[in-house]
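Reviewing the structure listed below.
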Amino acid sequence: MRFILIFFFLFSSLYAVEIEWADDYRSALKTAKKEHKDVMFMFSKESCQICEDLREKVFTDEDFVNYINKNYISLEIDIEYDSRRGYKVYSTPTFYFVTPPKKVIGHIVVERGDIKNFITNVKAVK
């Protein structure tokens, strides 16, 4: 029985659903245009605890991840190492939702108490 549980855990972890993050800014926009999707930019930094909370509590939710992958090309941009690309980012995490020609269709700044509402706020963008 123990072997079966270990096997199930390992097998299920291999197929965990994850957000498909693009490699860079240009490819995110190019892929979004090609696939007729919008882009979700997550501006973060390494020391951002709320970013980590999102990764652990929201980006592991299978329904949410499937929604994001179906509707968006996603890119995480670390503001300490990469340009903000002209977007106004005063705190992290900050999310911008844009069409491939870079028209902003949504903007969310997540604060400590907003994690529970984040999924609802993202779905309200569409």
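Residues are named by chain letter and number: chains run A, B, ... in the order of the structure tokens, numbers start at 1 in each chain, and ligands are numbered from 1 in the order shown.
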Distance query segment 13-29 of chain A at most 12 Å, only C-alpha atoms, self and fewer than 4 positions along chain excluded, as number ranges by chain: A: 6-9, 33-43, 54-56, 58-78, 82-85, 97-103
Selected residues written out with N, CA and C atoms, as a tab-separated table (two decimals), in the first residue's frame:
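Dumped everything to out-v2.tsv:
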chain	number	residue	atom	x	y	z
A	6	ILE	N	3.26	6.15	-2.75
A	6	ILE	CA	4.47	6.82	-3.21
A	6	ILE	C	4.44	6.95	-4.73
A	7	PHE	N	4.07	5.88	-5.41
A	7	PHE	CA	3.98	5.91	-6.88
A	7	PHE	C	2.97	6.95	-7.33
A	8	PHE	N	1.80	6.99	-6.70
A	8	PHE	CA	0.77	7.96	-7.06
A	8	PHE	C	1.27	9.38	-6.87
A	9	PHE	N	1.93	9.64	-5.74
A	9	PHE	CA	2.45	10.97	-5.47
A	9	PHE	C	3.48	11.39	-6.52
A	33	LYS	N	0.33	37.03	-30.47
A	33	LYS	CA	-0.26	37.43	-31.75
A	33	LYS	C	-0.55	36.20	-32.60
A	34	LYS	N	0.39	35.28	-32.66
A	34	LYS	CA	0.24	34.06	-33.46
A	34	LYS	C	-0.90	33.18	-32.95
A	35	GLU	N	-1.05	33.08	-31.63
A	35	GLU	CA	-2.05	32.21	-31.04
A	35	GLU	C	-3.36	32.93	-30.70
A	36	HIS	N	-3.46	34.21	-31.06
A	36	HIS	CA	-4.66	35.02	-30.82
A	36	HIS	C	-5.03	35.05	-29.33
A	37	LYS	N	-4.01	35.32	-28.52
A	37	LYS	CA	-4.19	35.44	-27.08
A	37	LYS	C	-3.68	36.80	-26.64
A	38	ASP	N	-4.04	37.16	-25.42
A	38	ASP	CA	-3.48	38.35	-24.81
A	38	ASP	C	-2.26	37.95	-23.99
A	39	VAL	N	-1.57	38.93	-23.44
A	39	VAL	CA	-0.36	38.66	-22.67
A	39	VAL	C	-0.59	39.08	-21.21
A	40	MET	N	-0.12	38.25	-20.28
A	40	MET	CA	-0.13	38.59	-18.87
A	40	MET	C	1.32	38.79	-18.44
A	41	PHE	N	1.66	40.03	-18.09
A	41	PHE	CA	2.98	40.33	-17.57
A	41	PHE	C	2.90	40.37	-16.04
A	42	MET	N	3.75	39.61	-15.39
A	42	MET	CA	3.86	39.65	-13.93
A	42	MET	C	5.19	40.32	-13.61
A	43	PHE	N	5.12	41.50	-13.03
A	43	PHE	CA	6.33	42.19	-12.60
A	43	PHE	C	6.58	41.82	-11.14
A	54	LEU	N	1.65	33.96	-4.06
A	54	LEU	CA	0.89	33.67	-5.29
A	54	LEU	C	1.35	32.37	-5.93
A	55	ARG	N	2.66	32.19	-5.99
A	55	ARG	CA	3.20	30.96	-6.59
A	55	ARG	C	2.72	29.71	-5.83
A	56	GLU	N	2.67	29.81	-4.51
A	56	GLU	CA	2.30	28.66	-3.68
A	56	GLU	C	0.80	28.45	-3.58
A	58	VAL	N	-1.87	30.28	-5.47
A	58	VAL	CA	-2.72	30.54	-6.63
A	58	VAL	C	-2.21	29.84	-7.88
A	59	PHE	N	-0.92	29.92	-8.12
A	59	PHE	CA	-0.36	29.34	-9.34
A	59	PHE	C	-0.29	27.82	-9.28
A	60	THR	N	-0.79	27.23	-8.20
A	60	THR	CA	-0.89	25.78	-8.09
A	60	THR	C	-2.34	25.32	-8.26
A	61	ASP	N	-3.27	26.26	-8.40
A	61	ASP	CA	-4.68	25.94	-8.58
A	61	ASP	C	-4.90	25.52	-10.04
A	62	GLU	N	-5.27	24.27	-10.24
A	62	GLU	CA	-5.36	23.71	-11.58
A	62	GLU	C	-6.34	24.47	-12.48
A	63	ASP	N	-7.49	24.86	-11.95
A	63	ASP	CA	-8.47	25.60	-12.76
A	63	ASP	C	-7.92	26.96	-13.19
A	64	PHE	N	-7.27	27.64	-12.24
A	64	PHE	CA	-6.70	28.95	-12.56
A	64	PHE	C	-5.58	28.82	-13.60
A	65	VAL	N	-4.69	27.86	-13.40
A	65	VAL	CA	-3.58	27.65	-14.32
A	65	VAL	C	-4.10	27.34	-15.71
A	66	ASN	N	-5.10	26.47	-15.81
A	66	ASN	CA	-5.68	26.15	-17.12
A	66	ASN	C	-6.31	27.38	-17.76
A	67	TYR	N	-6.97	28.21	-16.95
A	67	TYR	CA	-7.57	29.45	-17.46
A	67	TYR	C	-6.49	30.37	-18.03
A	68	ILE	N	-5.41	30.55	-17.28
A	68	ILE	CA	-4.32	31.42	-17.74
A	68	ILE	C	-3.70	30.88	-19.02
A	69	ASN	N	-3.37	29.59	-19.04
A	69	ASN	CA	-2.73	29.00	-20.22
A	69	ASN	C	-3.64	29.04	-21.45
A	70	LYS	N	-4.93	28.96	-21.25
A	70	LYS	CA	-5.88	29.00	-22.36
A	70	LYS	C	-6.03	30.40	-22.94
A	71	ASN	N	-5.96	31.41	-22.07
A	71	ASN	CA	-6.28	32.78	-22.50
A	71	ASN	C	-5.09	33.72	-22.66
A	72	TYR	N	-3.96	33.38	-22.07
A	72	TYR	CA	-2.83	34.31	-22.05
A	72	TYR	C	-1.51	33.62	-22.38
A	73	ILE	N	-0.61	34.41	-22.88
A	73	ILE	CA	0.80	34.08	-22.91
A	73	ILE	C	1.37	34.85	-21.71
A	74	SER	N	2.03	34.17	-20.82
A	74	SER	CA	2.47	34.77	-19.57
A	74	SER	C	3.98	35.00	-19.57
A	75	LEU	N	4.38	36.09	-18.95
A	75	LEU	CA	5.79	36.40	-18.81
A	75	LEU	C	6.01	37.04	-17.45
A	76	GLU	N	6.94	36.49	-16.69
A	76	GLU	CA	7.34	37.10	-15.42
A	76	GLU	C	8.59	37.93	-15.66
A	77	ILE	N	8.55	39.17	-15.22
A	77	ILE	CA	9.67	40.09	-15.40
A	77	ILE	C	10.16	40.53	-14.04
A	78	ASP	N	11.40	40.20	-13.72
A	78	ASP	CA	12.02	40.60	-12.46
A	78	ASP	C	12.52	42.03	-12.62
A	82	ASP	N	15.51	43.36	-15.14
A	82	ASP	CA	14.97	43.59	-16.48
A	82	ASP	C	14.23	44.93	-16.49
A	83	SER	N	14.08	45.47	-17.67
A	83	SER	CA	13.39	46.74	-17.85
A	83	SER	C	11.90	46.59	-17.57
A	84	ARG	N	11.31	47.65	-17.13
A	84	ARG	CA	9.86	47.65	-16.88
A	84	ARG	C	9.10	47.89	-18.18
A	85	ARG	N	9.80	48.09	-19.26
A	85	ARG	CA	9.22	48.20	-20.60
A	85	ARG	C	8.20	49.33	-20.72
A	97	PHE	N	-2.15	43.24	-18.29
A	97	PHE	CA	-2.74	42.39	-19.31
A	97	PHE	C	-2.85	43.23	-20.56
A	98	VAL	N	-2.23	42.76	-21.64
A	98	VAL	CA	-2.16	43.56	-22.85
A	98	VAL	C	-2.50	42.70	-24.07
A	99	THR	N	-2.98	43.38	-25.11
A	99	THR	CA	-3.17	42.72	-26.39
A	99	THR	C	-1.82	42.71	-27.09
A	100	PRO	N	-1.61	41.83	-28.06
A	100	PRO	CA	-0.31	41.79	-28.74
A	100	PRO	C	0.21	43.13	-29.27
A	101	PRO	N	-0.65	44.05	-29.72
A	101	PRO	CA	-0.05	45.33	-30.11
A	101	PRO	C	0.27	46.23	-28.90
A	102	LYS	N	0.28	45.67	-27.71
A	102	LYS	CA	0.66	46.35	-26.47
A	102	LYS	C	-0.39	47.32	-25.93
A	103	LYS	N	-1.66	47.08	-26.23
A	103	LYS	CA	-2.73	47.89	-25.65
A	103	LYS	C	-3.12	47.28	-24.30
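Take the candidates A:Ile79, A:Lys45, A:Ser91, A:Lys57 and check each one against Glu111 of chain A using only C-alpha atoms; the shortest distance goes to A:Ser91.
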